[in-house]
>>> print(open('target-v1.txt').read())   # compact mmCIF, C-alpha atoms
# COMPACT_ATOMS: atom_id res chain seq x y z
CA MET A 1 135.80 36.02 33.38
CA LYS A 2 134.87 32.64 31.90
CA LYS A 3 133.11 32.29 28.57
CA ILE A 4 131.19 29.51 26.89
CA PHE A 5 132.94 29.39 23.51
CA LEU A 6 129.97 28.51 21.36
CA LEU A 7 129.80 31.49 18.99
CA THR A 8 126.79 32.68 17.11
CA ALA A 9 126.62 35.16 14.26
CA VAL A 10 123.84 37.71 14.33
CA ILE A 11 123.31 39.81 11.24
CA PHE A 12 121.36 43.01 10.97
CA SER A 13 121.17 45.77 8.40
CA LEU A 14 122.08 49.27 9.44
CA ILE A 15 119.24 51.71 9.02
CA PHE A 16 120.24 53.81 6.06
CA SER A 17 117.54 53.27 3.51
CA ALA A 18 114.20 53.28 5.29
CA GLU A 19 113.43 56.73 3.99
CA VAL A 20 115.00 56.35 0.57
CA LEU A 21 112.44 56.59 -2.21
CA GLY A 22 113.20 54.24 -5.05
CA GLU A 23 116.32 52.21 -5.74
CA GLU A 24 119.60 54.08 -6.16
CA LYS A 25 121.44 53.25 -9.36
CA GLU A 26 125.10 52.41 -9.48
CA PRO A 27 127.04 55.34 -11.01
CA GLU A 28 128.81 54.97 -14.31
CA LYS A 29 132.39 53.80 -13.76
CA PRO A 30 135.40 55.81 -14.99
CA SER A 31 136.54 55.15 -18.54
CA VAL A 32 140.32 55.40 -18.77
CA ALA A 33 143.03 54.42 -21.24
CA ALA A 34 145.40 53.41 -18.44
CA HIS A 35 146.30 49.72 -18.30
CA GLY A 36 146.18 49.79 -14.50
CA ALA A 37 144.32 52.31 -12.34
CA ILE A 38 142.75 52.79 -8.92
CA LEU A 39 140.85 55.25 -6.75
CA MET A 40 141.45 54.98 -2.99
CA ASP A 41 140.15 56.94 -0.03
CA ALA A 42 143.19 58.10 1.93
CA GLU A 43 141.55 58.13 5.38
CA THR A 44 140.21 54.58 5.37
CA GLY A 45 142.18 52.92 2.58
CA ARG A 46 138.93 51.80 0.98
CA VAL A 47 139.23 51.10 -2.75
CA LEU A 48 136.41 52.98 -4.47
CA TRP A 49 137.19 51.77 -7.98
CA GLY A 50 139.88 49.88 -9.80
CA LYS A 51 141.01 48.59 -13.18
CA ASN A 52 143.66 45.85 -13.17
CA GLU A 53 144.73 47.37 -9.88
CA HIS A 54 146.71 44.30 -8.80
CA THR A 55 148.43 43.71 -12.15
CA PRO A 56 152.24 44.16 -11.97
CA LEU A 57 153.37 47.01 -14.22
CA ALA A 58 156.40 49.23 -14.66
CA MET A 59 155.81 52.47 -12.74
CA ALA A 60 158.56 54.83 -13.93
CA SER A 61 159.26 57.86 -11.72
CA THR A 62 156.27 57.29 -9.46
CA THR A 63 159.01 55.21 -7.80
CA LYS A 64 160.35 58.46 -6.39
CA ILE A 65 157.45 58.59 -3.92
CA MET A 66 159.18 55.84 -1.95
CA THR A 67 162.58 57.48 -2.43
CA ALA A 68 161.14 60.62 -0.87
CA ILE A 69 159.57 58.68 2.03
CA LEU A 70 162.86 57.11 3.08
CA ALA A 71 164.74 60.37 2.69
CA LEU A 72 162.24 62.42 4.70
CA GLU A 73 162.06 59.82 7.44
CA SER A 74 165.86 59.80 7.72
CA GLY A 75 165.71 63.30 9.22
CA ARG A 76 168.91 64.21 7.36
CA MET A 77 167.63 67.03 5.14
CA ASP A 78 170.36 69.47 6.20
CA GLU A 79 173.26 67.15 5.47
CA THR A 80 175.63 67.93 2.60
CA VAL A 81 175.76 65.37 -0.21
CA THR A 82 178.90 64.88 -2.29
CA VAL A 83 177.82 63.82 -5.79
CA SER A 84 179.46 60.65 -7.15
CA LYS A 85 180.45 59.93 -10.73
CA LYS A 86 177.61 57.39 -10.90
CA ALA A 87 175.06 59.98 -9.83
CA ALA A 88 176.43 62.59 -12.24
CA SER A 89 176.21 60.12 -15.14
CA ALA A 90 172.53 59.22 -14.57
CA PRO A 91 170.42 59.56 -17.75
CA LYS A 92 167.89 62.31 -18.32
CA VAL A 93 165.69 63.67 -16.86
CA LYS A 94 168.43 65.23 -14.69
CA MET A 95 169.53 68.43 -13.02
CA ASN A 96 173.04 67.99 -14.46
CA LEU A 97 174.96 67.52 -11.26
CA SER A 98 178.73 67.16 -11.61
CA ALA A 99 180.99 64.66 -9.84
CA GLY A 100 182.34 66.09 -6.60
CA GLU A 101 179.64 68.78 -6.38
CA GLN A 102 178.34 69.39 -2.87
CA ILE A 103 174.68 70.13 -2.28
CA ARG A 104 172.17 70.02 0.55
CA LEU A 105 170.05 66.83 0.71
CA GLY A 106 166.85 68.86 1.18
CA ASP A 107 167.56 70.70 -2.08
CA LEU A 108 168.06 67.41 -3.91
CA MET A 109 164.57 66.46 -2.70
CA LEU A 110 163.11 69.44 -4.54
CA ALA A 111 164.80 68.35 -7.76
CA LEU A 112 163.59 64.78 -7.13
CA MET A 113 159.89 65.58 -6.73
CA LEU A 114 159.41 68.77 -8.75
CA GLU A 115 161.35 67.91 -11.91
CA SER A 116 161.93 64.17 -11.38
CA SER A 117 165.72 64.41 -11.63
CA ASN A 118 167.34 61.00 -11.91
CA ASP A 119 170.78 62.18 -10.83
CA SER A 120 169.29 63.55 -7.61
CA ALA A 121 167.67 60.14 -6.92
CA VAL A 122 171.00 58.35 -7.25
CA ALA A 123 172.80 60.94 -5.11
CA ILE A 124 170.15 60.65 -2.38
CA ALA A 125 170.26 56.84 -2.40
CA GLU A 126 174.06 56.69 -2.21
CA HIS A 127 174.23 59.27 0.54
CA LEU A 128 171.64 57.60 2.73
CA SER A 129 172.51 53.92 2.22
CA GLY A 130 175.97 53.80 0.68
CA SER A 131 174.74 52.44 -2.65
CA VAL A 132 171.68 52.42 -4.86
CA GLU A 133 171.41 48.65 -4.42
CA ALA A 134 171.29 48.89 -0.62
CA PHE A 135 168.79 51.75 -0.81
CA CYS A 136 166.51 49.75 -3.12
CA LYS A 137 166.48 46.86 -0.64
CA GLU A 138 165.30 49.33 1.99
CA MET A 139 162.66 50.65 -0.39
CA THR A 140 161.30 47.16 -1.06
CA ALA A 141 161.35 46.31 2.65
CA LYS A 142 159.42 49.50 3.41
CA ALA A 143 156.85 48.59 0.76
CA ARG A 144 156.29 45.22 2.42
CA GLU A 145 155.95 46.91 5.80
CA LEU A 146 153.19 49.13 4.39
CA GLY A 147 151.31 46.23 2.81
CA ALA A 148 152.52 46.79 -0.76
CA GLU A 149 153.21 43.10 -1.36
CA ASN A 150 153.61 43.19 -5.14
CA THR A 151 156.31 45.82 -5.50
CA ILE A 152 160.03 45.42 -6.15
CA PHE A 153 162.38 48.39 -6.37
CA GLU A 154 165.56 47.95 -8.39
CA THR A 155 166.20 51.65 -9.01
CA ALA A 156 165.69 54.73 -6.83
CA SER A 157 164.76 56.81 -9.87
CA GLY A 158 162.19 54.58 -11.57
CA LEU A 159 164.25 53.88 -14.66
CA ASP A 160 163.51 50.43 -16.08
CA ALA A 161 165.77 47.71 -14.70
CA GLY A 162 165.39 44.01 -13.99
CA ASP A 163 162.15 43.20 -12.17
CA HIS A 164 161.43 46.79 -11.12
CA HIS A 165 157.62 46.93 -10.89
CA SER A 166 154.59 47.79 -8.79
CA THR A 167 150.80 47.83 -9.10
CA ALA A 168 148.22 50.59 -9.02
CA TYR A 169 147.03 49.26 -5.65
CA ASP A 170 150.50 49.16 -4.12
CA LEU A 171 151.31 52.68 -5.29
CA ALA A 172 148.06 53.92 -3.71
CA VAL A 173 149.00 52.19 -0.44
CA ILE A 174 152.48 53.76 -0.53
CA THR A 175 151.05 57.18 -1.33
CA ARG A 176 148.46 56.91 1.43
CA TYR A 177 151.35 56.49 3.84
CA ALA A 178 153.42 59.23 2.18
CA LEU A 179 150.67 61.83 2.62
CA ASN A 180 151.14 61.48 6.39
CA VAL A 181 154.95 61.71 6.36
CA PRO A 182 155.91 65.15 7.74
CA GLY A 183 157.06 67.41 4.92
CA PHE A 184 155.79 65.26 2.05
CA ILE A 185 152.71 67.28 1.06
CA ALA A 186 154.63 70.55 1.43
CA LEU A 187 157.30 69.14 -0.88
CA THR A 188 154.92 67.92 -3.59
CA ASN A 189 152.92 71.16 -3.43
CA THR A 190 155.91 73.41 -3.98
CA TYR A 191 155.38 75.21 -7.29
CA SER A 192 158.97 76.36 -7.79
CA ALA A 193 162.21 76.57 -5.85
CA ASN A 194 165.64 78.19 -6.11
CA PHE A 195 168.76 76.87 -4.38
CA SER A 196 172.51 76.57 -4.86
CA SER A 197 175.28 74.01 -4.52
CA ASP A 198 178.95 74.84 -4.02
CA LYS A 199 179.25 75.20 -7.81
CA ARG A 200 176.07 76.72 -9.23
CA GLY A 201 172.48 77.82 -8.71
CA TYR A 202 169.35 75.86 -9.65
CA THR A 203 165.70 76.65 -10.40
CA MET A 204 163.13 73.88 -10.17
CA ASN A 205 159.53 74.06 -11.42
CA ASN A 206 156.84 71.54 -10.51
CA ARG A 207 155.74 69.43 -13.50
CA ASN A 208 152.50 68.33 -11.87
CA ARG A 209 149.81 70.00 -13.98
CA LEU A 210 147.09 68.71 -11.66
CA LEU A 211 148.05 71.33 -9.07
CA HIS A 212 146.91 74.04 -11.49
CA GLU A 213 144.05 72.26 -13.20
CA PHE A 214 142.07 70.38 -10.54
CA THR A 215 140.35 71.87 -7.49
CA GLY A 216 141.83 70.52 -4.28
CA ALA A 217 144.85 68.83 -5.93
CA ASN A 218 147.73 68.27 -3.51
CA GLY A 219 150.02 65.74 -5.20
CA VAL A 220 151.78 63.69 -6.23
CA LYS A 221 154.18 62.39 -8.96
CA THR A 222 154.52 62.01 -12.72
CA GLY A 223 156.40 59.23 -14.48
CA PHE A 224 157.47 57.99 -17.91
CA THR A 225 159.74 55.34 -19.37
CA ASN A 226 159.58 53.46 -22.64
CA LYS A 227 158.41 50.37 -20.75
CA ALA A 228 155.99 52.06 -18.35
CA GLY A 229 154.43 54.60 -20.65
CA HIS A 230 152.98 57.75 -19.11
CA CYS A 231 152.01 57.30 -15.44
CA PHE A 232 150.72 59.53 -12.69
CA VAL A 233 149.90 59.20 -9.02
CA GLY A 234 147.51 61.98 -8.08
CA ALA A 235 145.91 63.24 -4.89
CA ALA A 236 143.22 65.78 -4.12
CA LYS A 237 141.29 66.88 -1.04
CA ARG A 238 137.85 68.47 -0.93
CA ASP A 239 136.14 69.14 2.39
CA ASP A 240 136.95 66.10 4.57
CA MET A 241 137.69 63.67 1.72
CA GLN A 242 141.26 63.01 0.59
CA LEU A 243 141.43 60.83 -2.51
CA ILE A 244 144.35 59.08 -4.20
CA SER A 245 144.36 58.15 -7.88
CA VAL A 246 146.87 56.05 -9.79
CA VAL A 247 147.04 55.60 -13.57
CA LEU A 248 149.75 53.39 -15.07
CA ALA A 249 150.47 53.16 -18.80
CA SER A 250 147.95 55.75 -19.96
CA GLY A 251 149.74 55.73 -23.31
CA TRP A 252 152.94 56.63 -25.09
CA GLY A 253 154.13 59.69 -26.96
CA ALA A 254 152.33 63.02 -26.95
CA ASP A 255 148.92 61.36 -26.79
CA GLY A 256 149.88 59.37 -23.70
CA ARG A 257 151.38 62.44 -22.03
CA ALA A 258 148.04 64.23 -22.36
CA GLN A 259 145.95 61.14 -21.57
CA LYS A 260 147.39 60.62 -18.09
CA TRP A 261 145.89 63.95 -17.03
CA VAL A 262 142.54 63.07 -18.64
CA ASP A 263 142.54 59.69 -16.91
CA THR A 264 143.46 61.17 -13.54
CA LYS A 265 140.71 63.78 -13.62
CA GLU A 266 138.17 61.16 -14.73
CA VAL A 267 139.05 58.96 -11.77
CA LEU A 268 139.11 61.74 -9.16
CA ASN A 269 135.86 63.28 -10.42
CA PHE A 270 134.18 59.88 -10.10
CA GLY A 271 135.17 59.83 -6.45
CA PHE A 272 134.16 63.34 -5.51
CA ASN A 273 130.90 63.21 -7.49
CA ASN A 274 129.63 59.90 -6.11
CA PHE A 275 131.00 59.26 -2.61
CA ASN A 276 130.32 60.84 0.77
CA PHE A 277 131.28 59.80 4.28
CA GLU A 278 128.59 58.00 6.26
CA THR A 279 128.68 56.85 9.88
CA LEU A 280 128.26 53.08 9.92
CA VAL A 281 128.71 52.46 13.64
CA THR A 282 128.75 54.92 16.55
CA ALA A 283 131.28 54.53 19.35
CA ASP A 284 129.76 53.19 22.62
CA GLU A 285 126.44 52.50 20.87
CA ILE A 286 124.57 49.60 22.55
CA ALA A 287 124.70 46.70 20.08
CA GLY A 288 122.75 44.05 22.03
CA GLN A 289 122.38 41.95 25.17
CA MET A 290 124.17 38.76 26.14
CA PRO A 291 122.81 36.20 28.65
CA ILE A 292 124.92 35.83 31.78
CA THR A 293 125.08 32.85 34.14
CA ARG A 294 125.98 32.53 37.85
CA SER A 295 124.80 36.07 38.54
CA ARG A 296 121.73 37.84 39.81
CA CYS A 297 121.60 39.55 36.41
CA ASP A 298 119.95 37.82 33.48
CA ALA A 299 121.97 39.62 30.83
CA VAL A 300 124.59 42.29 30.22
CA ASP A 301 124.57 44.92 27.46
CA TYR A 302 127.50 45.15 25.04
CA ALA A 303 128.55 48.12 22.90
CA PHE A 304 130.86 48.96 19.99
CA ASN A 305 134.37 49.82 21.17
CA PHE A 306 134.84 52.54 18.56
CA GLY A 307 132.94 54.23 15.75
CA VAL A 308 133.32 53.47 12.05
CA ARG A 309 132.66 55.62 9.02
CA ALA A 310 133.21 55.00 5.34
CA PRO A 311 132.98 56.75 1.99
CA LEU A 312 129.82 55.36 0.37
CA ALA A 313 128.03 55.84 -2.91
CA ASP A 314 124.27 56.27 -2.55
CA TYR A 315 123.52 52.83 -3.99
CA GLU A 316 125.74 51.18 -1.34
CA LYS A 317 123.84 52.48 1.67
CA ASP A 318 121.28 49.66 1.49
CA ASP A 319 124.07 47.08 1.52
CA VAL A 320 125.75 47.92 4.84
CA TYR A 321 125.33 45.30 7.55
CA VAL A 322 127.06 44.03 10.69
CA GLU A 323 127.73 40.47 11.81
CA PHE A 324 128.13 39.77 15.52
CA TYR A 325 130.38 37.00 16.83
CA ILE A 326 129.45 36.48 20.48
CA PRO A 327 129.20 33.63 23.01
CA VAL A 328 125.81 32.02 23.64
CA SER A 329 126.28 33.21 27.22
CA ILE A 330 129.04 34.25 29.61
CA GLN A 331 129.71 33.48 33.24
CA ALA A 332 129.94 36.09 35.95
CA PRO A 333 131.89 37.91 37.15
CA VAL A 334 131.92 40.49 34.37
CA THR A 335 133.66 43.85 34.64
CA GLU A 336 132.58 46.92 32.73
CA GLY A 337 134.70 47.17 29.58
CA ASP A 338 135.42 43.42 29.33
CA LEU A 339 135.76 42.12 25.77
CA VAL A 340 132.75 39.89 25.11
CA GLY A 341 132.81 39.48 21.33
CA THR A 342 133.50 41.12 17.99
CA ALA A 343 131.49 42.73 15.22
CA ARG A 344 132.36 42.69 11.51
CA VAL A 345 131.10 45.49 9.27
CA PHE A 346 130.39 44.68 5.63
CA ILE A 347 129.53 46.83 2.62
CA GLY A 348 127.81 44.33 0.37
CA GLU A 349 130.24 41.43 0.04
CA GLU A 350 133.20 43.62 1.01
CA PHE A 351 134.52 43.09 4.54
CA TYR A 352 135.26 46.56 5.85
CA GLN A 353 136.11 46.66 9.57
CA GLU A 354 136.24 44.52 12.71
CA ILE A 355 135.20 46.12 16.02
CA PRO A 356 135.59 44.77 19.58
CA LEU A 357 132.41 44.50 21.65
CA ASN A 358 132.68 45.47 25.33
CA ALA A 359 130.39 44.95 28.30
CA THR A 360 128.76 48.23 29.34
CA SER A 361 128.35 47.26 33.00
CA GLY A 362 129.66 44.80 35.54
CA ALA A 363 127.95 41.76 37.06
CA ALA A 364 129.08 40.10 40.30
CA ARG A 365 129.22 36.34 40.58
CA HIS A 366 126.34 34.78 42.55
CA ASP A 367 126.34 31.01 43.06
CA PHE A 368 126.41 28.56 45.97
CA LYS A 369 130.15 28.91 46.53
CA THR A 370 130.27 32.72 46.45
CA SER A 371 127.12 32.95 48.60
CA LEU A 372 128.66 30.65 51.19
CA GLU A 373 131.88 32.66 51.16
CA LYS A 374 129.92 35.87 51.78
CA ILE A 375 128.05 34.32 54.71
CA LEU A 376 131.22 32.95 56.32
CA ASN A 377 133.16 36.14 55.73
CA ALA A 378 130.35 38.18 57.24
CA TYR A 379 130.38 35.90 60.30
CA ILE A 380 134.19 35.76 60.63
CA GLY A 381 134.39 39.48 60.03
CA LEU A 382 132.84 40.01 63.44
CA THR A 383 136.10 38.78 65.04
CA THR A 384 138.81 39.09 62.31
CA SER A 385 139.61 41.21 59.29
CA GLN A 386 140.69 38.20 57.20
CA GLU A 387 138.51 36.82 54.42
CA VAL A 388 137.93 33.13 53.82
CA ASP A 389 138.52 31.45 50.44
CA ILE A 390 136.45 28.29 50.50
CA ILE A 391 138.04 25.19 48.94
CA LEU A 392 135.45 22.50 48.18
CA PRO A 393 135.97 18.99 46.80
CA GLU A 394 136.19 18.75 43.03
CA PHE A 395 133.17 16.44 42.90
CA PHE A 396 130.96 19.13 44.43
CA ALA A 397 128.65 20.34 41.67
CA PHE A 398 127.07 23.78 41.44
CA PRO A 399 124.00 24.73 39.44
CA ASP A 400 124.72 27.29 36.68
CA ILE A 401 122.25 29.81 38.09
CA LEU A 402 120.80 29.92 41.58
CA PRO A 403 117.27 31.17 42.06
CA LYS A 404 117.14 34.85 42.86
CA THR A 405 116.45 35.59 46.51
>>> encode(input="target-v1.txt", output="structure tokens")
Amino acid sequence: MKKIFLLTAVIFSLIFSAEVLGEEKEPEKPSVAAHGAILMDAETGRVLWGKNEHTPLAMASTTKIMTAILALESGRMDETVTVSKKAASAPKVKMNLSAGEQIRLGDLMLALMLESSNDSAVAIAEHLSGSVEAFCKEMTAKARELGAENTIFETASGLDAGDHHSTAYDLAVITRYALNVPGFIALTNTYSANFSSDKRGYTMNNRNRLLHEFTGANGVKTGFTNKAGHCFVGAAKRDDMQLISVVLASGWGADGRAQKWVDTKEVLNFGFNNFNFETLVTADEIAGQMPITRSRCDAVDYAFNFGVRAPLADYEKDDVYVEFYIPVSIQAPVTEGDLVGTARVFIGEEFYQEIPLNATSGAARHDFKTSLEKILNAYIGLTTSQEVDIILPEFFAFPDILPKT
């Protein structure tokens, strides 16, 4: 299928607000003490609110979200870990492992995520990658793969070291991925656990207060260091909306410890109170018509390849529009399903989604050459089953569209 590559952009507003009475007001934004914070929808990745969300900050034990991702994806939960001297000497918070102790990797994961044990983080990293340094390189590489471009891991535990840092946005991106890793939500939602090594028994209790204090809470991880202050990556799901919150450096001392929960609830409540999913584009919906040349047809319909929905606040519904990038016309032949252009969905000035546009029907070519071929093939077909492919001189010109007969 040939195309004339002169593109035009057609813009139209989606019909959301025709029946809305009055102008919707923008809701009051969250007020938090955190130096960096974000609210992200987990399904779409849309950022619903942010405060210094791209500012590099220390992130303390929220680091362990990535440690857990790599460990779970290794598929080695039933392996036995032999604890090294380095792991046993990790600073508090720790489960007090001893050098030479043997323990199941899956049990170390419970200590990692429920009580944020630093010795378990070191033991996991060494077992999986041979050293903490090698494991941290894998953590940083995984962050880049997920789109967390402003994150560097220099410890598996989150303790301050070198250029160890992330951003609220990057941690939300990492957590969005983590929520879909098999076993992750079950791990972070475990209230308590009992297990044993070859030397002693352990009891772990989840330190995530959000699980008890916020309806729908299902994650994720606390964190504190002297550099990072009190941090928390939270998650909650109500009905069909899964939200992710991140608050970094909500404060220090007892006040900061309490403030991270206040900040987290403020951010999540803003999301659940003000956003609902709306269908922006319906799959296979006819989006328009495109002129077609060298065919008996004048035009061919095109439709959206897939549907799009987004979490929207009421005031945003008036601001949704779609831009179409399509040729001025296309040449036949066209086959049903052919890509004929693209559409770009915007929410105000925010680019949201690109969608392929496909022809909804086919159109056979009809010009002098194809008409002549049909006549000759019909004639020759009386005596032979072979078809003729006419080769004409290059200087022979054809009109773009023949008159319909």
>>> residues_near_point(input="target-v1.txt", point="(149.1, 58.9, -11.5)", cutoff="9 Å", atoms="all atoms listed in the file", output="VMD selection string")
chain A and resid 37 62 168 220 to 223 230 to 235 244 to 248 260 to 261 263 to 264
>>> atom_distance(input="target-v1.txt", atom1="CA of Ala287 (chain A)", atom2="CA of Ala343 (chain A)")
9.2 Å
>>> residues_around(input="target-v1.txt", residues="Glu285 (chain A)", least_positions_apart="4", cutoff="12 Å", atoms="only C-alpha atoms", output="PyMOL selection string")
chain A and resi 280-281+301-308+355+357-360
>>> residues_around(input="target-v1.txt", residues="Asn276 (chain A)", least_positions_apart="4", cutoff="7 Å", atoms="all atoms listed in the file", output="list in words")
Pro311, Leu312 and Ala313 of chain A
>>> write_last_selection(input="target-v1.txt", atoms="C-alpha atoms", output="PDB file, keeping the file's coordinate frame")
ATOM      1  CA  PRO A 311     132.980  56.750   1.990  1.00  0.00           C
ATOM      2  CA  LEU A 312     129.820  55.360   0.370  1.00  0.00           C
ATOM      3  CA  ALA A 313     128.030  55.840  -2.910  1.00  0.00           C
TER       4      ALA A 313
END
>>> atom_distance(input="target-v1.txt", atom1="CA of Asp170 (chain A)", atom2="CA of Phe224 (chain A)")
17.8 Å
>>> closest_residue(input="target-v1.txt", among="A:Ala99, A:Leu339, A:Ala249, A:Ile174", to="Ala87 (chain A)", atoms="all atoms listed in the file")
A:Ala99
>>> atom_distance(input="target-v1.txt", atom1="CA of Val173 (chain A)", atom2="CA of Gln242 (chain A)")
13.3 Å
